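J.: Input structure: start-v3.pdb, which contains PDB, N, CA and C atoms, pLDDT in the B column.
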ATOM      1  N   MET A1107     190.075  25.076 177.800  1.00 48.00           N
ATOM      2  CA  MET A1107     190.244  25.226 179.219  1.00 48.00           C
ATOM      3  C   MET A1107     191.554  24.607 179.692  1.00 48.00           C
ATOM      4  N   ALA A1108     192.261  23.982 178.793  1.00 52.00           N
ATOM      5  CA  ALA A1108     193.497  23.325 179.172  1.00 52.00           C
ATOM      6  C   ALA A1108     194.579  24.330 179.541  1.00 52.00           C
ATOM      7  N   ASP A1109     194.496  25.555 179.014  1.00 56.00           N
ATOM      8  CA  ASP A1109     195.528  26.536 179.306  1.00 56.00           C
ATOM      9  C   ASP A1109     195.235  27.371 180.558  1.00 56.00           C
ATOM     10  N   MET A1110     194.196  27.063 181.292  1.00 58.00           N
ATOM     11  CA  MET A1110     193.904  27.768 182.537  1.00 58.00           C
ATOM     12  C   MET A1110     194.917  27.403 183.606  1.00 58.00           C
ATOM     13  N   SER A1111     195.230  28.364 184.439  1.00 70.00           N
ATOM     14  CA  SER A1111     196.159  28.060 185.519  1.00 70.00           C
ATOM     15  C   SER A1111     195.443  27.247 186.592  1.00 70.00           C
ATOM     16  N   ALA A1112     196.209  26.655 187.449  1.00 70.00           N
ATOM     17  CA  ALA A1112     195.645  25.812 188.499  1.00 70.00           C
ATOM     18  C   ALA A1112     194.815  26.624 189.480  1.00 70.00           C
ATOM     19  N   SER A1113     195.235  27.851 189.802  1.00 72.00           N
ATOM     20  CA  SER A1113     194.488  28.673 190.760  1.00 72.00           C
ATOM     21  C   SER A1113     193.150  29.120 190.181  1.00 72.00           C
ATOM     22  N   ALA A1114     193.117  29.427 188.882  1.00 71.00           N
ATOM     23  CA  ALA A1114     191.854  29.810 188.260  1.00 71.00           C
ATOM     24  C   ALA A1114     190.912  28.629 188.215  1.00 71.00           C
ATOM     25  N   SER A1115     191.430  27.468 187.924  1.00 72.00           N
ATOM     26  CA  SER A1115     190.604  26.271 187.898  1.00 72.00           C
ATOM     27  C   SER A1115     190.066  25.950 189.287  1.00 72.00           C
ATOM     28  N   LEU A1116     190.895  26.099 190.316  1.00 67.00           N
ATOM     29  CA  LEU A1116     190.482  25.852 191.683  1.00 67.00           C
ATOM     30  C   LEU A1116     189.410  26.847 192.124  1.00 67.00           C
ATOM     31  N   ALA A1117     189.588  28.122 191.764  1.00 69.00           N
ATOM     32  CA  ALA A1117     188.600  29.150 192.109  1.00 69.00           C
ATOM     33  C   ALA A1117     187.282  28.861 191.415  1.00 69.00           C
ATOM     34  N   LEU A1118     187.339  28.422 190.173  1.00 66.00           N
ATOM     35  CA  LEU A1118     186.131  28.124 189.435  1.00 66.00           C
ATOM     36  C   LEU A1118     185.378  26.956 190.053  1.00 66.00           C
ATOM     37  N   THR A1119     186.084  25.949 190.517  1.00 69.00           N
ATOM     38  CA  THR A1119     185.409  24.804 191.131  1.00 69.00           C
ATOM     39  C   THR A1119     184.780  25.175 192.473  1.00 69.00           C
ATOM     40  N   HIS A1120     185.322  26.163 193.170  1.00 67.00           N
ATOM     41  CA  HIS A1120     184.734  26.598 194.430  1.00 67.00           C
ATOM     42  C   HIS A1120     183.558  27.556 194.231  1.00 67.00           C
ATOM     43  N   LEU A1121     183.568  28.328 193.142  1.00 63.00           N
ATOM     44  CA  LEU A1121     182.511  29.305 192.918  1.00 63.00           C
ATOM     45  C   LEU A1121     181.278  28.716 192.245  1.00 63.00           C
ATOM     46  N   VAL A1122     181.423  27.669 191.498  1.00 65.00           N
ATOM     47  CA  VAL A1122     180.279  27.078 190.806  1.00 65.00           C
ATOM     48  C   VAL A1122     179.217  26.581 191.789  1.00 65.00           C
ATOM     49  N   PRO A1123     179.564  25.885 192.855  1.00 67.00           N
ATOM     50  CA  PRO A1123     178.521  25.485 193.801  1.00 67.00           C
ATOM     51  C   PRO A1123     177.848  26.679 194.490  1.00 67.00           C
ATOM     52  N   LEU A1124     178.595  27.755 194.722  1.00 61.00           N
ATOM     53  CA  LEU A1124     177.986  28.943 195.321  1.00 61.00           C
ATOM     54  C   LEU A1124     176.983  29.581 194.377  1.00 61.00           C
ATOM     55  N   ALA A1125     177.286  29.566 193.095  1.00 61.00           N
ATOM     56  CA  ALA A1125     176.375  30.155 192.116  1.00 61.00           C
ATOM     57  C   ALA A1125     175.100  29.345 191.999  1.00 61.00           C
ATOM     58  N   GLU A1126     175.173  28.059 192.220  1.00 65.00           N
ATOM     59  CA  GLU A1126     173.973  27.229 192.135  1.00 65.00           C
ATOM     60  C   GLU A1126     173.045  27.442 193.327  1.00 65.00           C
ATOM     61  N   GLU A1127     173.577  27.967 194.450  1.00 69.00           N
ATOM     62  CA  GLU A1127     172.754  28.188 195.630  1.00 69.00           C
ATOM     63  C   GLU A1127     171.856  29.404 195.502  1.00 69.00           C
ATOM     64  N   PHE A1128     172.221  30.378 194.655  1.00 67.00           N
ATOM     65  CA  PHE A1128     171.427  31.590 194.513  1.00 67.00           C
ATOM     66  C   PHE A1128     170.113  31.297 193.812  1.00 67.00           C
ATOM     67  N   ASP A1129     169.043  31.892 194.332  1.00 71.00           N
ATOM     68  CA  ASP A1129     167.749  31.824 193.661  1.00 71.00           C
ATOM     69  C   ASP A1129     167.685  33.008 192.701  1.00 71.00           C
ATOM     70  N   LYS A1130     167.565  32.752 191.417  1.00 71.00           N
ATOM     71  CA  LYS A1130     167.603  33.810 190.418  1.00 71.00           C
ATOM     72  C   LYS A1130     166.448  34.789 190.567  1.00 71.00           C
ATOM     73  N   ASN A1131     165.366  34.387 191.214  1.00 77.00           N
ATOM     74  CA  ASN A1131     164.225  35.273 191.405  1.00 77.00           C
ATOM     75  C   ASN A1131     164.378  36.175 192.627  1.00 77.00           C
ATOM     76  N   LYS A1132     165.342  35.908 193.489  1.00 77.00           N
ATOM     77  CA  LYS A1132     165.494  36.674 194.724  1.00 77.00           C
ATOM     78  C   LYS A1132     166.768  37.520 194.765  1.00 77.00           C
ATOM     79  N   VAL A1133     167.501  37.601 193.689  1.00 73.00           N
ATOM     80  CA  VAL A1133     168.731  38.383 193.672  1.00 73.00           C
ATOM     81  C   VAL A1133     168.365  39.866 193.592  1.00 73.00           C
ATOM     82  N   THR A1134     168.933  40.672 194.481  1.00 80.00           N
ATOM     83  CA  THR A1134     168.679  42.110 194.513  1.00 80.00           C
ATOM     84  C   THR A1134     169.995  42.865 194.405  1.00 80.00           C
ATOM     85  N   PRO A1135     169.937  44.145 194.053  1.00 83.00           N
ATOM     86  CA  PRO A1135     171.175  44.902 193.928  1.00 83.00           C
ATOM     87  C   PRO A1135     171.891  45.111 195.255  1.00 83.00           C
ATOM     88  N   GLY A1136     171.177  45.184 196.348  1.00 87.00           N
ATOM     89  CA  GLY A1136     171.798  45.309 197.660  1.00 87.00           C
ATOM     90  C   GLY A1136     172.304  46.705 197.963  1.00 87.00           C
ATOM     91  N   VAL A1137     173.166  46.785 198.946  1.00 92.00           N
ATOM     92  CA  VAL A1137     173.678  48.069 199.426  1.00 92.00           C
ATOM     93  C   VAL A1137     174.573  48.722 198.374  1.00 92.00           C
ATOM     94  N   LEU A1138     175.395  47.947 197.719  1.00 93.00           N
ATOM     95  CA  LEU A1138     176.283  48.509 196.704  1.00 93.00           C
ATOM     96  C   LEU A1138     175.477  49.145 195.570  1.00 93.00           C
ATOM     97  N   GLY A1139     174.421  48.495 195.149  1.00 92.00           N
ATOM     98  CA  GLY A1139     173.560  49.055 194.102  1.00 92.00           C
ATOM     99  C   GLY A1139     172.924  50.359 194.541  1.00 92.00           C
ATOM    100  N   PHE A1140     172.501  50.423 195.795  1.00 94.00           N
ATOM    101  CA  PHE A1140     171.910  51.658 196.318  1.00 94.00           C
ATOM    102  C   PHE A1140     172.946  52.777 196.367  1.00 94.00           C
ATOM    103  N   ILE A1141     174.154  52.460 196.793  1.00 96.00           N
ATOM    104  CA  ILE A1141     175.203  53.481 196.883  1.00 96.00           C
ATOM    105  C   ILE A1141     175.540  54.023 195.493  1.00 96.00           C
ATOM    106  N   VAL A1142     175.643  53.140 194.513  1.00 96.00           N
ATOM    107  CA  VAL A1142     175.940  53.577 193.142  1.00 96.00           C
ATOM    108  C   VAL A1142     174.805  54.437 192.612  1.00 96.00           C
ATOM    109  N   PHE A1143     173.566  54.014 192.845  1.00 96.00           N
ATOM    110  CA  PHE A1143     172.401  54.783 192.379  1.00 96.00           C
ATOM    111  C   PHE A1143     172.350  56.151 193.062  1.00 96.00           C
ATOM    112  N   ALA A1144     172.601  56.203 194.371  1.00 97.00           N
ATOM    113  CA  ALA A1144     172.582  57.470 195.105  1.00 97.00           C
ATOM    114  C   ALA A1144     173.691  58.397 194.614  1.00 97.00           C
ATOM    115  N   ALA A1145     174.868  57.856 194.329  1.00 98.00           N
ATOM    116  CA  ALA A1145     175.971  58.677 193.823  1.00 98.00           C
ATOM    117  C   ALA A1145     175.632  59.248 192.448  1.00 98.00           C
ATOM    118  N   MET A1146     175.019  58.445 191.607  1.00 98.00           N
ATOM    119  CA  MET A1146     174.620  58.936 190.286  1.00 98.00           C
ATOM    120  C   MET A1146     173.542  60.006 190.406  1.00 98.00           C
ATOM    121  N   ALA A1147     172.596  59.825 191.326  1.00 98.00           N
ATOM    122  CA  ALA A1147     171.546  60.822 191.533  1.00 98.00           C
ATOM    123  C   ALA A1147     172.141  62.132 192.025  1.00 98.00           C
ATOM    124  N   LEU A1148     173.094  62.071 192.944  1.00 98.00           N
ATOM    125  CA  LEU A1148     173.744  63.293 193.431  1.00 98.00           C
ATOM    126  C   LEU A1148     174.527  63.976 192.315  1.00 98.00           C
ATOM    127  N   ALA A1149     175.176  63.205 191.465  1.00 98.00           N
ATOM    128  CA  ALA A1149     175.934  63.777 190.355  1.00 98.00           C
ATOM    129  C   ALA A1149     174.996  64.490 189.375  1.00 98.00           C
ATOM    130  N   VAL A1150     173.866  63.886 189.073  1.00 98.00           N
ATOM    131  CA  VAL A1150     172.896  64.515 188.165  1.00 98.00           C
ATOM    132  C   VAL A1150     172.346  65.790 188.788  1.00 98.00           C
ATOM    133  N   TRP A1151     172.045  65.748 190.081  1.00 98.00           N
ATOM    134  CA  TRP A1151     171.531  66.934 190.771  1.00 98.00           C
ATOM    135  C   TRP A1151     172.560  68.067 190.721  1.00 98.00           C
ATOM    136  N   ALA A1152     173.826  67.750 190.968  1.00 98.00           N
ATOM    137  CA  ALA A1152     174.878  68.768 190.937  1.00 98.00           C
ATOM    138  C   ALA A1152     175.060  69.329 189.527  1.00 98.00           C
ATOM    139  N   LEU A1153     174.985  68.471 188.518  1.00 98.00           N
ATOM    140  CA  LEU A1153     175.112  68.945 187.140  1.00 98.00           C
ATOM    141  C   LEU A1153     173.952  69.847 186.752  1.00 98.00           C
ATOM    142  N   MET A1154     172.743  69.496 187.176  1.00 97.00           N
ATOM    143  CA  MET A1154     171.580  70.330 186.863  1.00 97.00           C
ATOM    144  C   MET A1154     171.682  71.687 187.562  1.00 97.00           C
ATOM    145  N   LYS A1155     172.137  71.692 188.800  1.00 97.00           N
ATOM    146  CA  LYS A1155     172.293  72.941 189.537  1.00 97.00           C
ATOM    147  C   LYS A1155     173.340  73.821 188.860  1.00 97.00           C
ATOM    148  N   SER A1156     174.445  73.227 188.439  1.00 96.00           N
ATOM    149  CA  SER A1156     175.491  73.970 187.751  1.00 96.00           C
ATOM    150  C   SER A1156     174.989  74.512 186.414  1.00 96.00           C
ATOM    151  N   MET A1157     174.236  73.695 185.683  1.00 96.00           N
ATOM    152  CA  MET A1157     173.704  74.133 184.401  1.00 96.00           C
ATOM    153  C   MET A1157     172.743  75.302 184.595  1.00 96.00           C
ATOM    154  N   ASN A1158     171.891  75.234 185.624  1.00 95.00           N
ATOM    155  CA  ASN A1158     170.973  76.326 185.918  1.00 95.00           C
ATOM    156  C   ASN A1158     171.732  77.608 186.204  1.00 95.00           C
ATOM    157  N   ARG A1159     172.787  77.508 186.995  1.00 94.00           N
ATOM    158  CA  ARG A1159     173.586  78.678 187.337  1.00 94.00           C
ATOM    159  C   ARG A1159     174.217  79.280 186.082  1.00 94.00           C
ATOM    160  N   HIS A1160     174.744  78.440 185.203  1.00 93.00           N
ATOM    161  CA  HIS A1160     175.376  78.940 183.985  1.00 93.00           C
ATOM    162  C   HIS A1160     174.347  79.509 183.004  1.00 93.00           C
ATOM    163  N   MET A1161     173.180  78.903 182.912  1.00 92.00           N
ATOM    164  CA  MET A1161     172.150  79.396 182.000  1.00 92.00           C
ATOM    165  C   MET A1161     171.593  80.736 182.467  1.00 92.00           C
ATOM    166  N   ASN A1162     171.568  80.971 183.783  1.00 91.00           N
ATOM    167  CA  ASN A1162     171.089  82.260 184.281  1.00 91.00           C
ATOM    168  C   ASN A1162     172.073  83.385 183.975  1.00 91.00           C
ATOM    169  N   ARG A1163     173.335  83.071 183.762  1.00 90.00           N
ATOM    170  CA  ARG A1163     174.334  84.084 183.436  1.00 90.00           C
ATOM    171  C   ARG A1163     174.296  84.493 181.967  1.00 90.00           C
ATOM    172  N   VAL A1164     173.661  83.702 181.124  1.00 86.00           N
ATOM    173  CA  VAL A1164     173.642  83.973 179.689  1.00 86.00           C
ATOM    174  C   VAL A1164     172.614  85.058 179.394  1.00 86.00           C
ATOM    175  N   ASP A1165     172.996  86.051 178.588  1.00 80.00           N
ATOM    176  CA  ASP A1165     172.095  87.121 178.177  1.00 80.00           C
ATOM    177  C   ASP A1165     171.578  86.775 176.779  1.00 80.00           C
ATOM    178  N   PHE A1166     170.275  86.540 176.672  1.00 77.00           N
ATOM    179  CA  PHE A1166     169.710  86.095 175.408  1.00 77.00           C
ATOM    180  C   PHE A1166     169.248  87.243 174.514  1.00 77.00           C
ATOM    181  N   THR A1167     169.339  88.495 174.969  1.00 81.00           N
ATOM    182  CA  THR A1167     168.924  89.601 174.106  1.00 81.00           C
ATOM    183  C   THR A1167     169.935  89.747 172.980  1.00 81.00           C
ATOM    184  N   GLU A1168     169.433  89.770 171.780  1.00 79.00           N
ATOM    185  CA  GLU A1168     170.321  89.797 170.622  1.00 79.00           C
ATOM    186  C   GLU A1168     170.522  91.235 170.175  1.00 79.00           C
ATOM    187  N   ALA A1169     171.748  91.655 170.099  1.00 78.00           N
ATOM    188  CA  ALA A1169     172.066  93.007 169.644  1.00 78.00           C
ATOM    189  C   ALA A1169     172.008  93.043 168.123  1.00 78.00           C
ATOM    190  N   PRO A1170     171.479  94.120 167.556  1.00 81.00           N
ATOM    191  CA  PRO A1170     171.449  94.200 166.087  1.00 81.00           C
ATOM    192  C   PRO A1170     172.854  94.341 165.527  1.00 81.00           C
ATOM    193  N   GLU A1171     173.035  93.836 164.338  1.00 83.00           N
ATOM    194  CA  GLU A1171     174.345  93.935 163.705  1.00 83.00           C
ATOM    195  C   GLU A1171     174.605  95.400 163.345  1.00 83.00           C
ATOM    196  N   PRO A1172     175.804  95.884 163.574  1.00 83.00           N
ATOM    197  CA  PRO A1172     176.069  97.307 163.356  1.00 83.00           C
ATOM    198  C   PRO A1172     175.923  97.739 161.901  1.00 83.00           C
ATOM    199  N   GLY A1173     176.224  96.904 160.948  1.00 78.00           N
ATOM    200  CA  GLY A1173     176.173  97.302 159.544  1.00 78.00           C
ATOM    201  C   GLY A1173     174.762  97.369 158.986  1.00 78.00           C
ATOM    202  N   THR A1174     173.858  96.513 159.410  1.00 72.00           N
ATOM    203  CA  THR A1174     172.530  96.464 158.809  1.00 72.00           C
ATOM    204  C   THR A1174     171.670  97.640 159.215  1.00 72.00           C
ATOM    205  N   GLU A1175     171.754  98.111 160.449  1.00 61.00           N
ATOM    206  CA  GLU A1175     170.917  99.231 160.898  1.00 61.00           C
ATOM    207  C   GLU A1175     171.379 100.531 160.238  1.00 61.00           C
ATOM    208  N   ALA A1176     172.680 100.726 160.129  1.00 55.00           N
ATOM    209  CA  ALA A1176     173.210 101.947 159.518  1.00 55.00           C
ATOM    210  C   ALA A1176     172.855 101.990 158.034  1.00 55.00           C
ATOM    211  N   GLU A1177     172.901 100.868 157.345  1.00 57.00           N
ATOM    212  CA  GLU A1177     172.577 100.832 155.917  1.00 57.00           C
ATOM    213  C   GLU A1177     171.102 101.098 155.685  1.00 57.00           C
ATOM    214  N   SER A1178     170.235 100.544 156.530  1.00 56.00           N
ATOM    215  CA  SER A1178     168.801 100.743 156.324  1.00 56.00           C
ATOM    216  C   SER A1178     168.403 102.186 156.577  1.00 56.00           C
ATOM    217  N   THR A1179     168.983 102.826 157.576  1.00 60.00           N
ATOM    218  CA  THR A1179     168.648 104.236 157.830  1.00 60.00           C
ATOM    219  C   THR A1179     169.250 105.133 156.755  1.00 60.00           C
ATOM    220  N   ALA A1180     170.417 104.808 156.264  1.00 57.00           N
ATOM    221  CA  ALA A1180     171.055 105.621 155.217  1.00 57.00           C
ATOM    222  C   ALA A1180     170.272 105.506 153.910  1.00 57.00           C
ATOM    223  N   SER A1181     169.836 104.306 153.568  1.00 57.00           N
ATOM    224  CA  SER A1181     169.080 104.144 152.322  1.00 57.00           C
ATOM    225  C   SER A1181     167.720 104.810 152.429  1.00 57.00           C
ATOM    226  N   GLY A1182     167.124 104.803 153.598  1.00 56.00           N
ATOM    227  CA  GLY A1182     165.838 105.475 153.796  1.00 56.00           C
ATOM    228  C   GLY A1182     166.008 106.982 153.717  1.00 56.00           C
ATOM    229  N   ALA A1183     167.102 107.524 154.180  1.00 55.00           N
ATOM    230  CA  ALA A1183     167.344 108.965 154.141  1.00 55.00           C
ATOM    231  C   ALA A1183     167.601 109.428 152.709  1.00 55.00           C
ATOM    232  N   THR A1184     168.301 108.616 151.920  1.00 57.00           N
ATOM    233  CA  THR A1184     168.577 108.999 150.545  1.00 57.00           C
ATOM    234  C   THR A1184     167.316 108.914 149.710  1.00 57.00           C
ATOM    235  N   ARG A1185     166.432 107.991 150.000  1.00 57.00           N
ATOM    236  CA  ARG A1185     165.162 107.892 149.268  1.00 57.00           C
ATOM    237  C   ARG A1185     164.304 109.140 149.521  1.00 57.00           C
ATOM    238  N   ASN A1186     164.301 109.580 150.772  1.00 55.00           N
ATOM    239  CA  ASN A1186     163.488 110.766 151.108  1.00 55.00           C
ATOM    240  C   ASN A1186     164.042 112.010 150.437  1.00 55.00           C
ATOM    241  N   LYS A1187     165.354 112.119 150.248  1.00 54.00           N
ATOM    242  CA  LYS A1187     165.952 113.276 149.617  1.00 54.00           C
ATOM    243  C   LYS A1187     165.652 113.307 148.122  1.00 54.00           C
ATOM    244  N   LYS A1188     165.562 112.119 147.501  1.00 54.00           N
ATOM    245  CA  LYS A1188     165.300 112.051 146.064  1.00 54.00           C
ATOM    246  C   LYS A1188     163.861 112.401 145.767  1.00 54.00           C
ATOM    247  N   ASP A1189     162.951 112.065 146.677  1.00 51.00           N
ATOM    248  CA  ASP A1189     161.517 112.325 146.432  1.00 51.00           C
ATOM    249  C   ASP A1189     161.189 113.730 146.614  1.00 51.00           C
TER
END
Reformat the file's structure so that it appears as structure tokens.

T.:
Amino acid sequence: MADMSASASLALTHLVPLAEEFDKNKVTPGVLGFIVFAAMALAVWALMKSMNRHMNRVDFTEAPEPGTEAESTASGATRNKKD
């Protein structure tokens, strides 16, 4: 602590008595905590709304691959001709 500046040491001596006055069982987040929580809740709500909008634009129907359907019908046609 010898390398601390005089202003930091002075601030520390003034803040220590203030910290002793607080009752550790009665400390609450206060208005700032509510504002931070509300901002986070709004951000989550906006992200969920955006995700819903983007998920509704996605088409989940899977198109068959062009090569597999043509090969299966061609092989079935050649089998019928041989029989």

J.: What gap, in Å, lies between atom CA of Ala1147 of chain A and atom N of Asp1129 of chain A?

T.: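 A separation of 29.2 Å between them.
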
J.: Atom CA of Trp1151 of chain A and atom N of Arg1163 of chain A, how far apart in Å?

T.: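 Interatomic distance, atom N of Arg1163 of chain A to atom CA of Trp1151 of chain A: 17.7 Å.
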
J.: Give me, please, the distance in Å between atom N of Met1146 of chain A and atom N of Asn1162 of chain A, quoted to one decimal.

T.: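 Those two atoms sit 24.1 Å apart.
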
J.: Determine which residues of segment 1134-1171 of chain A DSSP labels as alpha helix (DSSP H) from the backbone of this structure, then write them out as a PyMOL selection string.

T.: chain A and resi 1136-1163
